[in-house]
file model.txt (compact mmCIF, N, CA and C atoms and all ligand atoms)
# COMPACT_ATOMS: atom_id res chain seq x y z
N MET Q 1 101.63 -36.36 230.82
CA MET Q 1 102.13 -37.51 230.04
C MET Q 1 103.58 -37.25 229.62
N ASN Q 2 104.45 -38.20 229.90
CA ASN Q 2 105.85 -38.05 229.49
C ASN Q 2 105.99 -38.33 228.00
N TYR Q 3 106.95 -37.65 227.39
CA TYR Q 3 107.21 -37.85 225.96
C TYR Q 3 107.89 -39.20 225.74
N ASP Q 4 107.36 -39.96 224.77
CA ASP Q 4 107.92 -41.27 224.44
C ASP Q 4 108.71 -41.14 223.13
N PRO Q 5 110.04 -41.17 223.20
CA PRO Q 5 110.85 -40.95 222.00
C PRO Q 5 110.79 -42.09 220.98
N SER Q 6 110.04 -43.15 221.30
CA SER Q 6 109.91 -44.26 220.34
C SER Q 6 108.70 -44.06 219.42
N ASN Q 7 107.98 -42.93 219.55
CA ASN Q 7 106.81 -42.73 218.69
C ASN Q 7 107.24 -42.51 217.24
N ILE Q 8 106.31 -42.75 216.33
CA ILE Q 8 106.64 -42.79 214.90
C ILE Q 8 107.11 -41.43 214.36
N PHE Q 9 106.57 -40.34 214.89
CA PHE Q 9 107.00 -39.03 214.38
C PHE Q 9 108.41 -38.69 214.88
N ALA Q 10 108.75 -39.16 216.07
CA ALA Q 10 110.13 -38.99 216.55
C ALA Q 10 111.09 -39.76 215.65
N LYS Q 11 110.66 -40.94 215.20
CA LYS Q 11 111.50 -41.73 214.29
C LYS Q 11 111.65 -41.02 212.95
N ILE Q 12 110.58 -40.40 212.48
CA ILE Q 12 110.66 -39.62 211.23
C ILE Q 12 111.64 -38.46 211.42
N LEU Q 13 111.53 -37.76 212.54
CA LEU Q 13 112.44 -36.62 212.80
C LEU Q 13 113.90 -37.07 212.86
N ARG Q 14 114.14 -38.26 213.39
CA ARG Q 14 115.51 -38.77 213.48
C ARG Q 14 115.98 -39.40 212.18
N GLY Q 15 115.08 -39.48 211.17
CA GLY Q 15 115.45 -40.05 209.88
C GLY Q 15 115.44 -41.56 209.87
N GLU Q 16 114.85 -42.17 210.90
CA GLU Q 16 114.80 -43.64 210.98
C GLU Q 16 113.68 -44.22 210.12
N ILE Q 17 112.66 -43.39 209.87
CA ILE Q 17 111.54 -43.76 209.00
C ILE Q 17 111.43 -42.65 207.95
N PRO Q 18 111.25 -43.02 206.68
CA PRO Q 18 111.19 -41.98 205.65
C PRO Q 18 109.85 -41.25 205.64
N CYS Q 19 109.88 -40.04 205.10
CA CYS Q 19 108.64 -39.31 204.83
C CYS Q 19 108.91 -38.42 203.64
N LYS Q 20 107.83 -38.00 202.98
CA LYS Q 20 107.96 -37.05 201.87
C LYS Q 20 107.93 -35.65 202.48
N LYS Q 21 109.08 -35.02 202.58
CA LYS Q 21 109.15 -33.70 203.21
C LYS Q 21 108.51 -32.65 202.31
N LEU Q 22 107.47 -32.00 202.82
CA LEU Q 22 106.82 -30.92 202.07
C LEU Q 22 107.37 -29.57 202.49
N TYR Q 23 107.82 -29.51 203.74
CA TYR Q 23 108.40 -28.27 204.26
C TYR Q 23 109.23 -28.64 205.48
N GLU Q 24 110.35 -27.95 205.62
CA GLU Q 24 111.17 -28.15 206.82
C GLU Q 24 111.94 -26.88 207.13
N ASP Q 25 111.98 -26.54 208.37
CA ASP Q 25 112.88 -25.49 208.82
C ASP Q 25 113.37 -25.85 210.23
N GLU Q 26 113.95 -24.90 210.91
CA GLU Q 26 114.53 -25.15 212.24
C GLU Q 26 113.49 -25.62 213.25
N TYR Q 27 112.23 -25.23 213.03
CA TYR Q 27 111.20 -25.46 214.05
C TYR Q 27 110.18 -26.53 213.71
N ALA Q 28 110.05 -26.84 212.42
CA ALA Q 28 108.92 -27.68 212.03
C ALA Q 28 109.26 -28.55 210.83
N LEU Q 29 108.52 -29.65 210.73
CA LEU Q 29 108.58 -30.53 209.57
C LEU Q 29 107.15 -30.82 209.14
N ALA Q 30 106.92 -30.81 207.81
CA ALA Q 30 105.58 -31.10 207.28
C ALA Q 30 105.69 -32.21 206.26
N PHE Q 31 104.74 -33.14 206.33
CA PHE Q 31 104.71 -34.28 205.40
C PHE Q 31 103.27 -34.73 205.25
N PRO Q 32 102.95 -35.44 204.14
CA PRO Q 32 101.56 -35.87 203.93
C PRO Q 32 101.14 -36.92 204.95
N ASP Q 33 99.88 -36.86 205.36
CA ASP Q 33 99.34 -37.93 206.20
C ASP Q 33 99.26 -39.20 205.37
N ILE Q 34 99.65 -40.31 205.97
CA ILE Q 34 99.69 -41.59 205.26
C ILE Q 34 98.29 -42.10 204.92
N ASN Q 35 97.29 -41.58 205.62
CA ASN Q 35 95.89 -41.99 205.41
C ASN Q 35 95.04 -40.73 205.22
N PRO Q 36 95.18 -40.08 204.05
CA PRO Q 36 94.57 -38.76 203.87
C PRO Q 36 93.04 -38.78 203.91
N GLN Q 37 92.48 -37.78 204.58
CA GLN Q 37 91.04 -37.66 204.73
C GLN Q 37 90.45 -36.63 203.76
N ALA Q 38 91.30 -36.01 202.96
CA ALA Q 38 90.87 -34.97 202.02
C ALA Q 38 91.98 -34.81 200.99
N PRO Q 39 91.72 -34.12 199.87
CA PRO Q 39 92.76 -33.95 198.85
C PRO Q 39 94.05 -33.35 199.42
N THR Q 40 93.91 -32.42 200.34
CA THR Q 40 95.09 -31.93 201.07
C THR Q 40 94.98 -32.41 202.51
N HIS Q 41 95.96 -33.18 202.95
CA HIS Q 41 96.01 -33.61 204.36
C HIS Q 41 97.49 -33.73 204.74
N ILE Q 42 97.94 -32.69 205.39
CA ILE Q 42 99.36 -32.56 205.73
C ILE Q 42 99.49 -32.54 207.26
N LEU Q 43 100.54 -33.17 207.74
CA LEU Q 43 100.85 -33.12 209.17
C LEU Q 43 102.03 -32.17 209.37
N VAL Q 44 101.88 -31.27 210.31
CA VAL Q 44 102.97 -30.36 210.66
C VAL Q 44 103.35 -30.63 212.10
N ILE Q 45 104.63 -30.92 212.32
CA ILE Q 45 105.08 -31.29 213.66
C ILE Q 45 106.24 -30.39 214.09
N PRO Q 46 106.28 -30.06 215.38
CA PRO Q 46 107.45 -29.32 215.87
C PRO Q 46 108.65 -30.24 215.96
N LYS Q 47 109.83 -29.68 215.92
CA LYS Q 47 111.05 -30.49 216.01
C LYS Q 47 111.32 -30.96 217.44
N GLY Q 48 110.76 -30.24 218.40
CA GLY Q 48 111.02 -30.58 219.80
C GLY Q 48 110.11 -31.69 220.30
N PRO Q 49 110.43 -32.26 221.48
CA PRO Q 49 109.71 -33.41 222.02
C PRO Q 49 108.49 -33.00 222.85
N TYR Q 50 107.39 -32.73 222.18
CA TYR Q 50 106.16 -32.34 222.88
C TYR Q 50 105.04 -33.30 222.52
N VAL Q 51 104.24 -33.63 223.52
CA VAL Q 51 103.20 -34.64 223.34
C VAL Q 51 101.94 -34.05 222.70
N SER Q 52 101.60 -32.83 223.09
CA SER Q 52 100.29 -32.27 222.75
C SER Q 52 100.38 -30.75 222.66
N TYR Q 53 99.27 -30.15 222.23
CA TYR Q 53 99.22 -28.69 222.17
C TYR Q 53 99.53 -28.06 223.53
N ASP Q 54 98.88 -28.57 224.56
CA ASP Q 54 99.08 -27.94 225.88
C ASP Q 54 100.50 -28.13 226.37
N ASP Q 55 101.10 -29.29 226.06
CA ASP Q 55 102.50 -29.52 226.43
C ASP Q 55 103.40 -28.56 225.66
N PHE Q 56 103.13 -28.42 224.35
CA PHE Q 56 103.95 -27.54 223.51
C PHE Q 56 103.89 -26.09 224.00
N ILE Q 57 102.69 -25.58 224.15
CA ILE Q 57 102.55 -24.17 224.54
C ILE Q 57 103.06 -23.94 225.96
N GLY Q 58 102.86 -24.95 226.81
CA GLY Q 58 103.30 -24.80 228.20
C GLY Q 58 104.79 -24.95 228.39
N SER Q 59 105.46 -25.71 227.51
CA SER Q 59 106.86 -26.05 227.75
C SER Q 59 107.86 -25.46 226.76
N ALA Q 60 107.43 -25.19 225.52
CA ALA Q 60 108.38 -24.74 224.49
C ALA Q 60 108.79 -23.28 224.70
N ALA Q 61 109.96 -22.96 224.17
CA ALA Q 61 110.42 -21.57 224.21
C ALA Q 61 109.62 -20.73 223.21
N ASP Q 62 109.60 -19.42 223.45
CA ASP Q 62 108.79 -18.54 222.60
C ASP Q 62 109.19 -18.67 221.13
N ASP Q 63 110.49 -18.76 220.84
CA ASP Q 63 110.90 -18.83 219.43
C ASP Q 63 110.42 -20.12 218.78
N GLU Q 64 110.33 -21.20 219.55
CA GLU Q 64 109.80 -22.46 218.99
C GLU Q 64 108.31 -22.31 218.67
N ILE Q 65 107.59 -21.66 219.56
CA ILE Q 65 106.14 -21.50 219.37
C ILE Q 65 105.87 -20.59 218.17
N ILE Q 66 106.57 -19.49 218.10
CA ILE Q 66 106.38 -18.58 216.96
C ILE Q 66 106.85 -19.25 215.68
N GLY Q 67 108.03 -19.87 215.72
CA GLY Q 67 108.58 -20.50 214.52
C GLY Q 67 107.66 -21.60 213.99
N PHE Q 68 107.10 -22.39 214.90
CA PHE Q 68 106.21 -23.46 214.48
C PHE Q 68 104.97 -22.89 213.78
N HIS Q 69 104.39 -21.86 214.36
CA HIS Q 69 103.17 -21.30 213.76
C HIS Q 69 103.44 -20.58 212.45
N ARG Q 70 104.60 -19.96 212.33
CA ARG Q 70 104.96 -19.37 211.03
C ARG Q 70 105.14 -20.47 209.99
N ALA Q 71 105.74 -21.58 210.39
CA ALA Q 71 105.91 -22.71 209.46
C ALA Q 71 104.54 -23.25 209.04
N LEU Q 72 103.62 -23.35 209.99
CA LEU Q 72 102.27 -23.83 209.70
C LEU Q 72 101.62 -22.94 208.63
N ALA Q 73 101.74 -21.65 208.78
CA ALA Q 73 101.17 -20.73 207.79
C ALA Q 73 101.84 -20.89 206.42
N LYS Q 74 103.15 -21.13 206.43
CA LYS Q 74 103.85 -21.35 205.15
C LYS Q 74 103.33 -22.61 204.48
N VAL Q 75 103.10 -23.65 205.25
CA VAL Q 75 102.59 -24.91 204.69
C VAL Q 75 101.20 -24.68 204.08
N ILE Q 76 100.36 -23.93 204.78
CA ILE Q 76 99.01 -23.63 204.28
C ILE Q 76 99.11 -22.87 202.96
N ASN Q 77 99.97 -21.88 202.90
CA ASN Q 77 100.11 -21.10 201.66
C ASN Q 77 100.72 -21.94 200.54
N GLN Q 78 101.71 -22.74 200.88
CA GLN Q 78 102.36 -23.61 199.90
C GLN Q 78 101.37 -24.62 199.31
N ALA Q 79 100.40 -25.04 200.10
CA ALA Q 79 99.40 -26.02 199.64
C ALA Q 79 98.27 -25.36 198.85
N ASN Q 80 98.30 -24.03 198.75
CA ASN Q 80 97.29 -23.29 197.97
C ASN Q 80 95.87 -23.51 198.47
N ILE Q 81 95.69 -23.54 199.77
CA ILE Q 81 94.34 -23.73 200.30
C ILE Q 81 93.87 -22.52 201.12
N ALA Q 82 94.70 -21.49 201.18
CA ALA Q 82 94.31 -20.32 201.98
C ALA Q 82 93.05 -19.68 201.41
N ALA Q 83 92.92 -19.62 200.09
CA ALA Q 83 91.77 -18.95 199.48
C ALA Q 83 90.50 -19.79 199.60
N THR Q 84 90.62 -21.08 199.41
CA THR Q 84 89.42 -21.93 199.41
C THR Q 84 89.02 -22.37 200.82
N GLY Q 85 89.94 -22.37 201.73
CA GLY Q 85 89.63 -22.71 203.11
C GLY Q 85 90.29 -24.00 203.55
N TYR Q 86 90.38 -24.14 204.85
CA TYR Q 86 91.07 -25.31 205.43
C TYR Q 86 90.66 -25.47 206.87
N ARG Q 87 91.00 -26.61 207.43
CA ARG Q 87 90.74 -26.87 208.85
C ARG Q 87 92.02 -27.36 209.49
N LEU Q 88 92.31 -26.85 210.68
CA LEU Q 88 93.45 -27.33 211.47
C LEU Q 88 92.92 -28.16 212.62
N ILE Q 89 93.48 -29.34 212.80
CA ILE Q 89 93.05 -30.22 213.89
C ILE Q 89 94.28 -30.66 214.67
N ALA Q 90 94.21 -30.54 215.98
CA ALA Q 90 95.27 -31.06 216.85
C ALA Q 90 94.60 -31.96 217.89
N ASN Q 91 94.64 -33.25 217.65
CA ASN Q 91 94.06 -34.20 218.59
C ASN Q 91 94.99 -34.34 219.80
N ALA Q 92 94.39 -34.40 220.97
CA ALA Q 92 95.17 -34.59 222.20
C ALA Q 92 94.44 -35.56 223.12
N GLY Q 93 95.12 -36.62 223.47
CA GLY Q 93 94.60 -37.52 224.49
C GLY Q 93 93.52 -38.47 224.02
N VAL Q 94 92.94 -39.14 224.99
CA VAL Q 94 92.04 -40.27 224.74
C VAL Q 94 90.75 -39.81 224.06
N ASP Q 95 90.11 -38.77 224.57
CA ASP Q 95 88.82 -38.35 224.01
C ASP Q 95 88.95 -37.92 222.56
N ALA Q 96 90.10 -37.40 222.18
CA ALA Q 96 90.32 -36.94 220.80
C ALA Q 96 90.92 -38.05 219.92
N HIS Q 97 91.12 -39.23 220.51
CA HIS Q 97 91.67 -40.38 219.75
C HIS Q 97 93.05 -40.08 219.17
N GLN Q 98 93.88 -39.38 219.95
CA GLN Q 98 95.25 -39.13 219.49
C GLN Q 98 95.98 -40.45 219.35
N GLU Q 99 96.52 -40.69 218.15
CA GLU Q 99 97.22 -41.95 217.88
C GLU Q 99 98.72 -41.83 218.10
N VAL Q 100 99.28 -40.70 217.72
CA VAL Q 100 100.73 -40.53 217.78
C VAL Q 100 101.04 -39.47 218.85
N PRO Q 101 101.79 -39.86 219.90
CA PRO Q 101 102.01 -38.94 221.02
C PRO Q 101 103.18 -37.97 220.81
N HIS Q 102 103.22 -37.38 219.61
CA HIS Q 102 104.12 -36.25 219.33
C HIS Q 102 103.20 -35.18 218.75
N TYR Q 103 103.20 -33.99 219.36
CA TYR Q 103 102.27 -32.94 218.94
C TYR Q 103 102.31 -32.75 217.42
N HIS Q 104 101.14 -32.69 216.82
CA HIS Q 104 101.05 -32.46 215.37
C HIS Q 104 99.76 -31.76 215.06
N VAL Q 105 99.81 -30.98 213.99
CA VAL Q 105 98.60 -30.30 213.50
C VAL Q 105 98.28 -30.88 212.13
N HIS Q 106 97.04 -31.35 211.99
CA HIS Q 106 96.54 -31.80 210.69
C HIS Q 106 96.10 -30.56 209.93
N VAL Q 107 96.59 -30.38 208.71
CA VAL Q 107 96.14 -29.31 207.81
C VAL Q 107 95.30 -29.99 206.73
N ILE Q 108 94.02 -29.69 206.75
CA ILE Q 108 93.09 -30.43 205.89
C ILE Q 108 92.33 -29.45 205.00
N GLY Q 109 92.25 -29.77 203.71
CA GLY Q 109 91.51 -28.90 202.80
C GLY Q 109 91.41 -29.52 201.43
N GLY Q 110 90.99 -28.70 200.47
CA GLY Q 110 90.89 -29.17 199.09
C GLY Q 110 89.51 -29.67 198.71
N ARG Q 111 88.58 -29.64 199.67
CA ARG Q 111 87.18 -29.98 199.39
C ARG Q 111 86.32 -29.36 200.49
N ASP Q 112 85.00 -29.38 200.27
CA ASP Q 112 84.08 -28.95 201.33
C ASP Q 112 84.24 -29.92 202.50
N LEU Q 113 84.60 -29.41 203.66
CA LEU Q 113 84.92 -30.27 204.80
C LEU Q 113 83.71 -30.59 205.68
N GLY Q 114 82.56 -30.06 205.34
CA GLY Q 114 81.37 -30.42 206.08
C GLY Q 114 81.36 -29.85 207.50
N ALA Q 115 80.50 -30.45 208.32
CA ALA Q 115 80.36 -29.97 209.69
C ALA Q 115 81.64 -30.18 210.48
N MET Q 116 81.81 -29.41 211.53
CA MET Q 116 83.07 -29.44 212.26
C MET Q 116 83.35 -30.78 212.94
N LEU Q 117 82.34 -31.35 213.58
CA LEU Q 117 82.56 -32.58 214.35
C LEU Q 117 81.62 -33.68 213.89
N GLY Q 118 82.15 -34.92 213.92
CA GLY Q 118 81.28 -36.08 213.74
C GLY Q 118 80.55 -36.35 215.04
N LYS Q 119 79.87 -37.48 215.10
CA LYS Q 119 79.09 -37.77 216.32
C LYS Q 119 80.00 -38.30 217.41
P1 LIG Q 201 96.24 -38.46 215.46
O1 LIG Q 201 95.02 -39.31 215.66
O2 LIG Q 201 95.89 -36.99 215.47
O3 LIG Q 201 97.34 -38.81 216.43
O4 LIG Q 201 96.72 -38.74 213.99
C1 LIG Q 201 97.91 -39.40 213.64
C2 LIG Q 201 97.98 -39.38 212.14
O5 LIG Q 201 99.25 -39.84 211.76
C3 LIG Q 201 96.94 -40.27 211.44
O6 LIG Q 201 96.12 -39.46 210.61
C4 LIG Q 201 97.81 -41.25 210.63
O7 LIG Q 201 97.26 -41.53 209.36
C5 LIG Q 201 99.11 -40.49 210.53
N1 LIG Q 201 100.31 -41.31 210.36
C6 LIG Q 201 100.70 -42.38 211.09
N2 LIG Q 201 101.89 -42.85 210.68
C7 LIG Q 201 102.27 -42.05 209.67
C8 LIG Q 201 103.42 -42.00 208.82
N3 LIG Q 201 104.43 -42.87 208.94
N4 LIG Q 201 103.49 -41.02 207.87
C9 LIG Q 201 102.48 -40.15 207.74
N5 LIG Q 201 101.38 -40.13 208.51
C10 LIG Q 201 101.27 -41.06 209.46
call {"tool": "encode", "arguments": {"input": "model.txt", "output": "structure tokens"}}
result
Amino acid sequence: MNYDPSNIFAKILRGEIPCKKLYEDEYALAFPDINPQAPTHILVIPKGPYVSYDDFIGSAADDEIIGFHRALAKVINQANIAATGYRLIANAGVDAHQEVPHYHVHVIGGRDLGAMLGK
């Protein structure tokens, strides 16, 4: 799948659409999900143009991959959910109901998250 630069997260990265920045560095941006599924629901996105996890890992440079994951850990610690627990979700493609075609990780926590998958 080719990257579509008109997606909403690309617009956020370009500053065309506002977001509440929770964390930002050279590799990643984190902001609250507009439709939170739990008390903590943060989206962490890489700065580069990647559609999905497999695209990111397959195409990004090593420093981008390491930098993104270090940023993800900082967001988790900053949200104070490391001790109580959290779930990371990266939806990709049709079966996972990916809505926004810019790779993102949902950081979800702040309550008992129940079973891993719905039906
Ligand atoms: P996914 O199904 O993994 O692609 O999820 C996309 C997520 O982006 C959904 O949870 C939406 O609520 C969220 N979302 C869409 N637009 C925005 C926005 N402008 N700011 C924050 N979150 C958004």
call {"tool": "atom_distance", "arguments": {"input": "model.txt", "atom1": "CA of Leu43 in chain Q", "atom2": "CA of Ala60 in chain Q"}}
result
19.0 Å
call {"tool": "residues_near_ligand", "arguments": {"input": "model.txt", "ligand": "ligand LIG 201 (chain Q)", "cutoff": "7 Å", "atoms": "only C-alpha atoms and all ligand atoms", "output": "PyMOL selection string"}}
result
chain Q and resi 8+19+31-36+90-91+97-101+104
call {"tool": "atom_distance", "arguments": {"input": "model.txt", "atom1": "CA of Asn80 in chain Q", "atom2": "CA of Ile66 in chain Q"}}
result
21.6 Å
call {"tool": "residues_around", "arguments": {"input": "model.txt", "residues": "Leu88 in chain Q", "least_positions_apart": "2", "cutoff": "5 Å", "atoms": "only N, CA and C atoms", "output": "ChimeraX atom specification"}}
result
/Q:86,90,106-107
call {"tool": "residues_near_point", "arguments": {"input": "model.txt", "point": "(103.2, -32.7, 225.1)", "cutoff": "7 Å", "atoms": "all atoms listed in the file", "output": "PyMOL selection string"}}
result
chain Q and resi 1-3+49-56+101-103
call {"tool": "select_by_dssp", "arguments": {"input": "model.txt", "residues": "range 32-100 of chain Q", "states": "alpha helix (DSSP H)", "output": "PyMOL selection string"}}
result
chain Q and resi 53-59+62-78
call {"tool": "closest_residue", "arguments": {"input": "model.txt", "among": "Q:Gly15, Q:Pro5, Q:Pro46, Q:Pro39", "to": "Val105 in chain Q", "atoms": "only N, CA and C atoms"}}
result
Q:Pro46
call {"tool": "closest_residue", "arguments": {"input": "model.txt", "among": "Q:Lys47, Q:Lys11, Q:Lys21, Q:Arg111", "to": "Gly85 in chain Q", "atoms": "only N, CA and C atoms"}}
result
Q:Arg111
call {"tool": "closest_residue", "arguments": {"input": "model.txt", "among": "Q:Ala28, Q:Leu113, Q:Tyr23, Q:Ile12", "to": "His69 in chain Q", "atoms": "all atoms listed in the file"}}
result
Q:Ala28
call {"tool": "atom_distance", "arguments": {"input": "model.txt", "atom1": "atom N of Val44 in chain Q", "atom2": "atom N of Glu16 in chain Q"}}
result
17.0 Å
call {"tool": "build_atoms", "arguments": {"input": "model.txt", "residues": "range 49-59 of chain Q", "atoms": "all heavy atoms", "output": "PDB file, keeping the file's coordinate frame"}}
result
ATOM      1  N   PRO Q  49     110.430 -32.260 221.480  1.00  0.00           N
ATOM      2  CA  PRO Q  49     109.710 -33.410 222.020  1.00  0.00           C
ATOM      3  C   PRO Q  49     108.490 -33.000 222.850  1.00  0.00           C
ATOM      4  O   PRO Q  49     108.539 -32.993 224.085  1.00  0.00           O
ATOM      5  CB  PRO Q  49     110.771 -34.087 222.888  1.00  0.00           C
ATOM      6  CG  PRO Q  49     111.595 -32.958 223.396  1.00  0.00           C
ATOM      7  CD  PRO Q  49     111.612 -31.927 222.296  1.00  0.00           C
ATOM      8  N   TYR Q  50     107.390 -32.730 222.180  1.00  0.00           N
ATOM      9  CA  TYR Q  50     106.160 -32.340 222.880  1.00  0.00           C
ATOM     10  C   TYR Q  50     105.040 -33.300 222.520  1.00  0.00           C
ATOM     11  O   TYR Q  50     104.894 -33.696 221.369  1.00  0.00           O
ATOM     12  CB  TYR Q  50     105.783 -30.903 222.519  1.00  0.00           C
ATOM     13  CG  TYR Q  50     106.944 -29.955 222.744  1.00  0.00           C
ATOM     14  CD1 TYR Q  50     107.681 -29.455 221.683  1.00  0.00           C
ATOM     15  CD2 TYR Q  50     107.324 -29.620 224.039  1.00  0.00           C
ATOM     16  CE1 TYR Q  50     108.774 -28.628 221.897  1.00  0.00           C
ATOM     17  CE2 TYR Q  50     108.421 -28.791 224.267  1.00  0.00           C
ATOM     18  CZ  TYR Q  50     109.137 -28.301 223.188  1.00  0.00           C
ATOM     19  OH  TYR Q  50     110.219 -27.497 223.417  1.00  0.00           O
ATOM     20  N   VAL Q  51     104.240 -33.630 223.520  1.00  0.00           N
ATOM     21  CA  VAL Q  51     103.200 -34.640 223.340  1.00  0.00           C
ATOM     22  C   VAL Q  51     101.940 -34.050 222.700  1.00  0.00           C
ATOM     23  O   VAL Q  51     101.297 -34.709 221.878  1.00  0.00           O
ATOM     24  CB  VAL Q  51     102.837 -35.276 224.706  1.00  0.00           C
ATOM     25  CG1 VAL Q  51     101.699 -36.270 224.567  1.00  0.00           C
ATOM     26  CG2 VAL Q  51     104.053 -35.931 225.323  1.00  0.00           C
ATOM     27  N   SER Q  52     101.600 -32.830 223.090  1.00  0.00           N
ATOM     28  CA  SER Q  52     100.290 -32.270 222.750  1.00  0.00           C
ATOM     29  C   SER Q  52     100.380 -30.750 222.660  1.00  0.00           C
ATOM     30  O   SER Q  52     101.409 -30.153 223.013  1.00  0.00           O
ATOM     31  CB  SER Q  52      99.285 -32.638 223.846  1.00  0.00           C
ATOM     32  OG  SER Q  52      99.744 -32.082 225.076  1.00  0.00           O
ATOM     33  N   TYR Q  53      99.270 -30.150 222.230  1.00  0.00           N
ATOM     34  CA  TYR Q  53      99.220 -28.690 222.170  1.00  0.00           C
ATOM     35  C   TYR Q  53      99.530 -28.060 223.530  1.00  0.00           C
ATOM     36  O   TYR Q  53     100.338 -27.135 223.627  1.00  0.00           O
ATOM     37  CB  TYR Q  53      97.831 -28.250 221.681  1.00  0.00           C
ATOM     38  CG  TYR Q  53      97.637 -26.759 221.725  1.00  0.00           C
ATOM     39  CD1 TYR Q  53      98.126 -25.943 220.712  1.00  0.00           C
ATOM     40  CD2 TYR Q  53      96.970 -26.155 222.791  1.00  0.00           C
ATOM     41  CE1 TYR Q  53      97.968 -24.558 220.756  1.00  0.00           C
ATOM     42  CE2 TYR Q  53      96.804 -24.784 222.845  1.00  0.00           C
ATOM     43  CZ  TYR Q  53      97.302 -23.990 221.835  1.00  0.00           C
ATOM     44  OH  TYR Q  53      97.143 -22.638 221.892  1.00  0.00           O
ATOM     45  N   ASP Q  54      98.880 -28.570 224.560  1.00  0.00           N
ATOM     46  CA  ASP Q  54      99.080 -27.940 225.880  1.00  0.00           C
ATOM     47  C   ASP Q  54     100.500 -28.130 226.370  1.00  0.00           C
ATOM     48  O   ASP Q  54     101.080 -27.222 226.991  1.00  0.00           O
ATOM     49  CB  ASP Q  54      98.045 -28.461 226.892  1.00  0.00           C
ATOM     50  CG  ASP Q  54      98.025 -29.971 227.019  1.00  0.00           C
ATOM     51  OD1 ASP Q  54      97.464 -30.631 226.116  1.00  0.00           O
ATOM     52  OD2 ASP Q  54      98.554 -30.494 227.994  1.00  0.00           O
ATOM     53  N   ASP Q  55     101.100 -29.290 226.060  1.00  0.00           N
ATOM     54  CA  ASP Q  55     102.500 -29.520 226.430  1.00  0.00           C
ATOM     55  C   ASP Q  55     103.400 -28.560 225.660  1.00  0.00           C
ATOM     56  O   ASP Q  55     104.295 -27.921 226.243  1.00  0.00           O
ATOM     57  CB  ASP Q  55     102.859 -30.974 226.110  1.00  0.00           C
ATOM     58  CG  ASP Q  55     104.273 -31.350 226.516  1.00  0.00           C
ATOM     59  OD1 ASP Q  55     104.826 -30.730 227.445  1.00  0.00           O
ATOM     60  OD2 ASP Q  55     104.837 -32.278 225.894  1.00  0.00           O
ATOM     61  N   PHE Q  56     103.130 -28.420 224.350  1.00  0.00           N
ATOM     62  CA  PHE Q  56     103.950 -27.540 223.510  1.00  0.00           C
ATOM     63  C   PHE Q  56     103.890 -26.090 224.000  1.00  0.00           C
ATOM     64  O   PHE Q  56     104.932 -25.466 224.263  1.00  0.00           O
ATOM     65  CB  PHE Q  56     103.466 -27.652 222.056  1.00  0.00           C
ATOM     66  CG  PHE Q  56     104.223 -26.804 221.075  1.00  0.00           C
ATOM     67  CD1 PHE Q  56     105.592 -26.931 220.917  1.00  0.00           C
ATOM     68  CD2 PHE Q  56     103.553 -25.888 220.287  1.00  0.00           C
ATOM     69  CE1 PHE Q  56     106.286 -26.159 219.994  1.00  0.00           C
ATOM     70  CE2 PHE Q  56     104.235 -25.105 219.360  1.00  0.00           C
ATOM     71  CZ  PHE Q  56     105.601 -25.232 219.221  1.00  0.00           C
ATOM     72  N   ILE Q  57     102.690 -25.580 224.150  1.00  0.00           N
ATOM     73  CA  ILE Q  57     102.550 -24.170 224.540  1.00  0.00           C
ATOM     74  C   ILE Q  57     103.060 -23.940 225.960  1.00  0.00           C
ATOM     75  O   ILE Q  57     103.634 -22.904 226.283  1.00  0.00           O
ATOM     76  CB  ILE Q  57     101.088 -23.702 224.393  1.00  0.00           C
ATOM     77  CG1 ILE Q  57     100.641 -23.809 222.921  1.00  0.00           C
ATOM     78  CG2 ILE Q  57     100.920 -22.267 224.899  1.00  0.00           C
ATOM     79  CD1 ILE Q  57     101.406 -22.965 221.934  1.00  0.00           C
ATOM     80  N   GLY Q  58     102.860 -24.950 226.810  1.00  0.00           N
ATOM     81  CA  GLY Q  58     103.300 -24.800 228.200  1.00  0.00           C
ATOM     82  C   GLY Q  58     104.790 -24.950 228.390  1.00  0.00           C
ATOM     83  O   GLY Q  58     105.356 -24.361 229.322  1.00  0.00           O
ATOM     84  N   SER Q  59     105.460 -25.710 227.510  1.00  0.00           N
ATOM     85  CA  SER Q  59     106.860 -26.050 227.750  1.00  0.00           C
ATOM     86  C   SER Q  59     107.860 -25.460 226.760  1.00  0.00           C
ATOM     87  O   SER Q  59     109.031 -25.284 227.097  1.00  0.00           O
ATOM     88  CB  SER Q  59     107.045 -27.576 227.710  1.00  0.00           C
ATOM     89  OG  SER Q  59     106.168 -28.212 228.595  1.00  0.00           O
TER      90      SER Q  59
END
